[in-house]
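Structure below is coords23.cif: mmCIF, C-alpha atoms and all ligand atoms.
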```cif
data_entry
#
loop_
_atom_site.label_atom_id
_atom_site.label_comp_id
_atom_site.auth_asym_id
_atom_site.auth_seq_id
_atom_site.Cartn_x
_atom_site.Cartn_y
_atom_site.Cartn_z
CA MET A 9 -5.56 -12.43 32.31
CA LYS A 10 -6.50 -10.15 29.46
CA ILE A 11 -9.68 -10.70 27.50
CA LYS A 12 -8.58 -11.52 23.95
CA ILE A 13 -10.56 -10.60 20.85
CA LEU A 14 -9.83 -11.59 17.25
CA MET A 15 -11.28 -9.79 14.20
CA VAL A 16 -11.44 -11.92 11.03
CA CYS A 17 -11.93 -11.16 7.33
CA LEU A 18 -10.70 -12.76 4.10
CA GLY A 19 -7.43 -11.01 3.35
CA ASN A 20 -6.67 -9.26 6.67
CA ILE A 21 -5.75 -6.09 4.80
CA CYS A 22 -9.04 -4.13 4.54
CA ARG A 23 -11.82 -4.83 7.06
CA SER A 24 -10.34 -6.69 10.02
CA PRO A 25 -7.32 -4.34 10.39
CA LEU A 26 -9.80 -1.47 10.70
CA ALA A 27 -11.90 -3.48 13.17
CA GLU A 28 -8.79 -4.25 15.24
CA GLY A 29 -7.67 -0.61 15.24
CA ILE A 30 -11.11 0.74 16.16
CA LEU A 31 -11.77 -1.71 18.99
CA ALA A 32 -8.24 -1.44 20.40
CA SER A 33 -8.57 2.37 20.44
CA LYS A 34 -11.63 2.08 22.70
CA LEU A 35 -10.22 -0.44 25.22
CA ASP A 36 -7.59 -0.44 27.99
CA PRO A 37 -4.57 -2.38 26.62
CA GLU A 38 -3.80 -3.55 30.17
CA LYS A 39 -7.06 -5.47 30.21
CA PHE A 40 -7.74 -6.35 26.58
CA GLN A 41 -5.80 -7.71 23.62
CA VAL A 42 -7.24 -7.13 20.16
CA ASP A 43 -5.81 -8.79 17.03
CA SER A 44 -6.94 -9.58 13.50
CA CYS A 45 -6.34 -12.19 10.83
CA GLY A 46 -7.66 -13.46 7.52
CA THR A 47 -9.15 -16.80 6.56
CA SER A 48 -6.93 -16.79 3.43
CA SER A 49 -3.16 -16.79 3.03
CA TYR A 50 -3.29 -14.22 0.18
CA HIS A 51 -1.67 -11.30 1.98
CA ILE A 52 0.35 -12.82 4.85
CA GLY A 53 2.99 -10.39 6.09
CA GLN A 54 1.57 -7.36 4.26
CA LYS A 55 0.59 -3.99 5.71
CA PRO A 56 -3.09 -3.03 5.65
CA ASP A 57 -4.44 -1.68 2.33
CA LYS A 58 -3.53 2.01 1.84
CA ARG A 59 -7.22 2.92 1.84
CA SER A 60 -7.75 1.26 5.25
CA ILE A 61 -4.66 3.03 6.60
CA GLU A 62 -5.97 6.39 5.31
CA THR A 63 -9.48 5.85 6.63
CA ALA A 64 -8.19 4.89 10.08
CA LYS A 65 -5.86 7.90 10.08
CA LYS A 66 -8.73 10.22 9.23
CA HIS A 67 -10.38 9.03 12.45
CA GLY A 68 -7.21 9.35 14.53
CA ILE A 69 -6.22 5.67 14.51
CA ASP A 70 -2.81 4.37 13.38
CA ILE A 71 -2.90 0.86 11.93
CA THR A 72 0.39 1.01 10.00
CA ASN A 73 2.15 -1.44 12.34
CA GLN A 74 -0.28 -4.25 11.62
CA ARG A 75 0.83 -7.17 9.40
CA ALA A 76 -1.53 -9.66 7.83
CA ALA A 77 -1.74 -13.16 9.30
CA GLN A 78 -3.86 -16.20 8.54
CA PHE A 79 -6.27 -17.76 11.05
CA LYS A 80 -4.75 -20.76 12.86
CA LEU A 81 -6.51 -23.56 14.76
CA SER A 82 -4.57 -22.54 17.88
CA ASP A 83 -6.39 -19.18 17.74
CA PHE A 84 -9.40 -21.00 19.18
CA ASP A 85 -7.31 -21.64 22.31
CA ILE A 86 -5.99 -18.08 22.55
CA TYR A 87 -9.05 -15.90 21.92
CA ASP A 88 -12.21 -15.46 23.97
CA PHE A 89 -14.19 -13.80 21.17
CA ILE A 90 -13.77 -14.28 17.41
CA TYR A 91 -15.60 -11.83 15.14
CA PRO A 92 -15.80 -12.65 11.41
CA MET A 93 -16.81 -9.74 9.14
CA ASP A 94 -19.15 -11.66 6.83
CA GLN A 95 -21.05 -14.91 6.50
CA SER A 96 -18.42 -16.46 4.26
CA ASN A 97 -15.68 -15.79 6.86
CA TYR A 98 -18.06 -17.05 9.57
CA LYS A 99 -18.65 -20.34 7.77
CA ASP A 100 -14.94 -20.84 7.11
CA ILE A 101 -14.10 -20.39 10.80
CA ILE A 102 -17.01 -22.53 12.04
CA LYS A 103 -15.87 -25.33 9.70
CA LEU A 104 -12.52 -25.35 11.51
CA ALA A 105 -14.06 -25.45 15.01
CA ARG A 106 -13.03 -28.61 16.87
CA ASN A 107 -15.86 -28.58 19.42
CA GLU A 108 -18.81 -26.62 20.79
CA ASN A 109 -16.56 -24.45 22.93
CA ASP A 110 -14.71 -23.26 19.81
CA LYS A 111 -18.01 -22.55 18.04
CA LYS A 112 -19.37 -20.54 20.96
CA LYS A 113 -16.55 -18.02 20.57
CA VAL A 114 -17.50 -17.12 16.98
CA HIS A 115 -20.02 -14.33 16.34
CA LEU A 116 -20.74 -12.46 13.11
CA ILE A 117 -19.57 -8.95 13.98
CA LEU A 118 -22.74 -7.17 12.87
CA ASN A 119 -25.03 -9.50 14.83
CA GLN A 120 -25.41 -6.72 17.39
CA PRO A 121 -28.46 -4.78 18.56
CA GLY A 122 -29.38 -2.17 15.95
CA PHE A 123 -28.31 -4.27 12.99
CA ASN A 124 -30.49 -6.78 11.17
CA GLU A 125 -29.51 -10.41 11.60
CA ASP A 126 -26.75 -11.83 9.41
CA ILE A 127 -25.69 -8.60 7.73
CA ASP A 128 -22.19 -8.65 6.25
CA VAL A 129 -19.51 -5.98 6.46
CA PRO A 130 -19.12 -5.61 2.67
CA ASP A 131 -15.72 -6.34 1.20
CA PRO A 132 -14.45 -2.90 0.06
CA TYR A 133 -11.36 -4.25 -1.77
CA TYR A 134 -12.60 -3.77 -5.33
CA GLY A 135 -14.50 -0.55 -4.65
CA GLY A 136 -13.56 3.06 -3.98
CA LYS A 137 -12.67 5.12 -0.94
CA GLN A 138 -16.26 5.63 0.17
CA GLY A 139 -16.58 1.88 0.71
CA PHE A 140 -13.84 2.08 3.33
CA GLU A 141 -15.55 4.94 5.15
CA ASP A 142 -18.83 2.98 5.13
CA VAL A 143 -16.99 -0.03 6.58
CA TYR A 144 -15.43 2.23 9.23
CA GLN A 145 -18.83 3.55 10.31
CA MET A 146 -20.35 0.05 10.53
CA LEU A 147 -17.41 -1.27 12.51
CA ASN A 148 -17.35 1.74 14.82
CA SER A 149 -20.98 1.11 15.82
CA ALA A 150 -20.42 -2.63 16.13
CA CYS A 151 -17.38 -2.08 18.38
CA ASP A 152 -19.43 0.16 20.68
CA GLN A 153 -21.98 -2.65 21.00
CA ILE A 154 -19.26 -5.24 21.63
CA ILE A 155 -17.85 -3.11 24.43
CA GLU A 156 -21.25 -2.78 26.09
CA LYS A 157 -21.43 -6.59 26.31
CA LEU A 158 -17.86 -7.15 27.55
P1 LIG B 1 -10.44 -8.01 3.39
O1 LIG B 1 -10.52 -7.60 1.84
O2 LIG B 1 -10.94 -9.44 3.48
O3 LIG B 1 -11.37 -7.03 4.04
O4 LIG B 1 -9.00 -7.86 3.82
C1 LIG B 1 -9.93 -8.37 0.84
C2 LIG B 1 -8.61 -8.15 0.49
C3 LIG B 1 -8.05 -8.90 -0.53
C4 LIG B 1 -8.79 -9.84 -1.19
C5 LIG B 1 -10.09 -10.06 -0.85
C6 LIG B 1 -10.66 -9.32 0.17
N1 LIG B 1 -8.20 -10.59 -2.25
O5 LIG B 1 -8.91 -11.37 -2.88
O6 LIG B 1 -7.00 -10.44 -2.52
#
```
Please express the file's structure as structure tokens.
Ligand code: 4NP
Amino acid sequence: MKIKILMVCLGNICRSPLAEGILASKLDPEKFQVDSCGTSSYHIGQKPDKRSIETAKKHGIDITNQRAAQFKLSDFDIYDFIYPMDQSNYKDIIKLARNENDKKKVHLILNQPGFNEDIDVPDPYYGGKQGFEDVYQMLNSACDQIIEKL
């Protein structure tokens, strides 16, 4: 059985598609499944934001095949680890948890060694390109830490 990891943000077009692409690029697809989704329904079915696609490409990662999806209760049954990007996403997912086992799967992605507690991956949607590169760098470090614990 593969270990299954779900990256979560609000729209599933900026941050979590990058997180999915970065983590998947570092793991053996025979052993791990990495996906992403949003807490909102705003962008269901859409490709990642052009700026996320460009930023990933710059680092050798192709995320163009991803399509936005919304978090579903059944995701608690599918995934072993659920990583929200910020505290708002974290709260929205925890609110949906049906039991302690569901809750135990949910970890704020930057709650890793080397980051201060409860730091958010900032939403880059309304900003410029540099915001996406900053998000990439944060997520790249966080993914390395996640892998060390797997
Ligand atoms: P994401 O960014 O949560 O990183 O995908 C956002 C994308 C779209 C919106 C908000 C955040 N929106 O409000 O449409």
Of the listed residues A:Asp36, A:Asp128, A:Glu108, A:Glu156, that which approaches ligand LIG 1 (chain B) most closely, counting all atoms listed in the file:
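Among the listed residues, A:Asp128 lies closest to ligand LIG 1 (chain B).
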Can you pull out every residue with an atom within 9 Å of ligand LIG 1 (chain B)? Use only C-alpha atoms and all ligand atoms and format it as a VMD selection string.
chain A and resid 16 to 26 45 to 48 50 to 51 56 to 57 76 93 97 129 to 134
Could you tell me which of A:Gly29, A:Gly53, A:Pro92, A:Pro37 comes closest to A:Asp70 if we count only C-alpha atoms?
A:Gly29
Env of A:Ile117: 10 Å cut, atoms = only C-alpha atoms, seq-sep filter 2 positions within chain, self excluded. Answer as a PyMOL selection string.
chain A and resi 15-16+27+90-95+98+114-115+119-120+123+126-129+146-147+150-151+153-154
Separation of atom CA of A:Ile13 from atom CA of A:Phe40 in Å
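These two atoms are separated by 7.7 Å.
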Between atom CA of A:Ala64 and atom CA of A:Lys10, what is the spacing in Å?
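If I compute the distance from atom CA of A:Lys10 to atom CA of A:Ala64, I get 24.6 Å.
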Closest to A:Asn148 among A:His67, A:Arg59, A:Lys39, A:Lys80, using all atoms listed in the file?
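So, comparing all the options, the nearest one is A:His67.
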Selection: 12 Å around A:Asp88, only C-alpha atoms, excl. self and same-chain fewer than 5 positions, as an mmCIF file with C-alpha atoms, in the frame of the given file:
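The file below, selection-v4.cif, is the result:
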```cif
data_model
loop_
_atom_site.group_PDB
_atom_site.id
_atom_site.type_symbol
_atom_site.label_atom_id
_atom_site.label_comp_id
_atom_site.auth_asym_id
_atom_site.auth_seq_id
_atom_site.Cartn_x
_atom_site.Cartn_y
_atom_site.Cartn_z
ATOM 1 C CA MET A 9 -5.560 -12.430 32.310
ATOM 2 C CA LYS A 10 -6.500 -10.150 29.460
ATOM 3 C CA ILE A 11 -9.680 -10.700 27.500
ATOM 4 C CA LYS A 12 -8.580 -11.520 23.950
ATOM 5 C CA ILE A 13 -10.560 -10.600 20.850
ATOM 6 C CA LEU A 14 -9.830 -11.590 17.250
ATOM 7 C CA MET A 15 -11.280 -9.790 14.200
ATOM 8 C CA PHE A 40 -7.740 -6.350 26.580
ATOM 9 C CA GLN A 41 -5.800 -7.710 23.620
ATOM 10 C CA VAL A 42 -7.240 -7.130 20.160
ATOM 11 C CA ASP A 43 -5.810 -8.790 17.030
ATOM 12 C CA ASP A 83 -6.390 -19.180 17.740
ATOM 13 C CA ASN A 109 -16.560 -24.450 22.930
ATOM 14 C CA ASP A 110 -14.710 -23.260 19.810
ATOM 15 C CA LYS A 111 -18.010 -22.550 18.040
ATOM 16 C CA LYS A 112 -19.370 -20.540 20.960
ATOM 17 C CA LYS A 113 -16.550 -18.020 20.570
ATOM 18 C CA VAL A 114 -17.500 -17.120 16.980
ATOM 19 C CA HIS A 115 -20.020 -14.330 16.340
ATOM 20 C CA LEU A 158 -17.860 -7.150 27.550
#
```
Which of A:Leu118, A:Ala105, A:Ile61, A:Ala77 sits closest to A:Ser49 [using only C-alpha atoms]
A:Ala77
Adding 5 Å on each side of the box along x, y and z that holds all listed atoms of stretch 56-63 of chain A, could you give its centre and edge lengths in Å to one decimal, as AutoDock Vina command-line options?
```
--center_x -6.3 --center_y 1.7 --center_z 4.2 --size_x 16.4 --size_y 19.4 --size_z 14.8
```
Between atom CA of A:Ser82 and atom CA of A:Ile52, what distance in Å does the model show, to one decimal?
17.0 Å
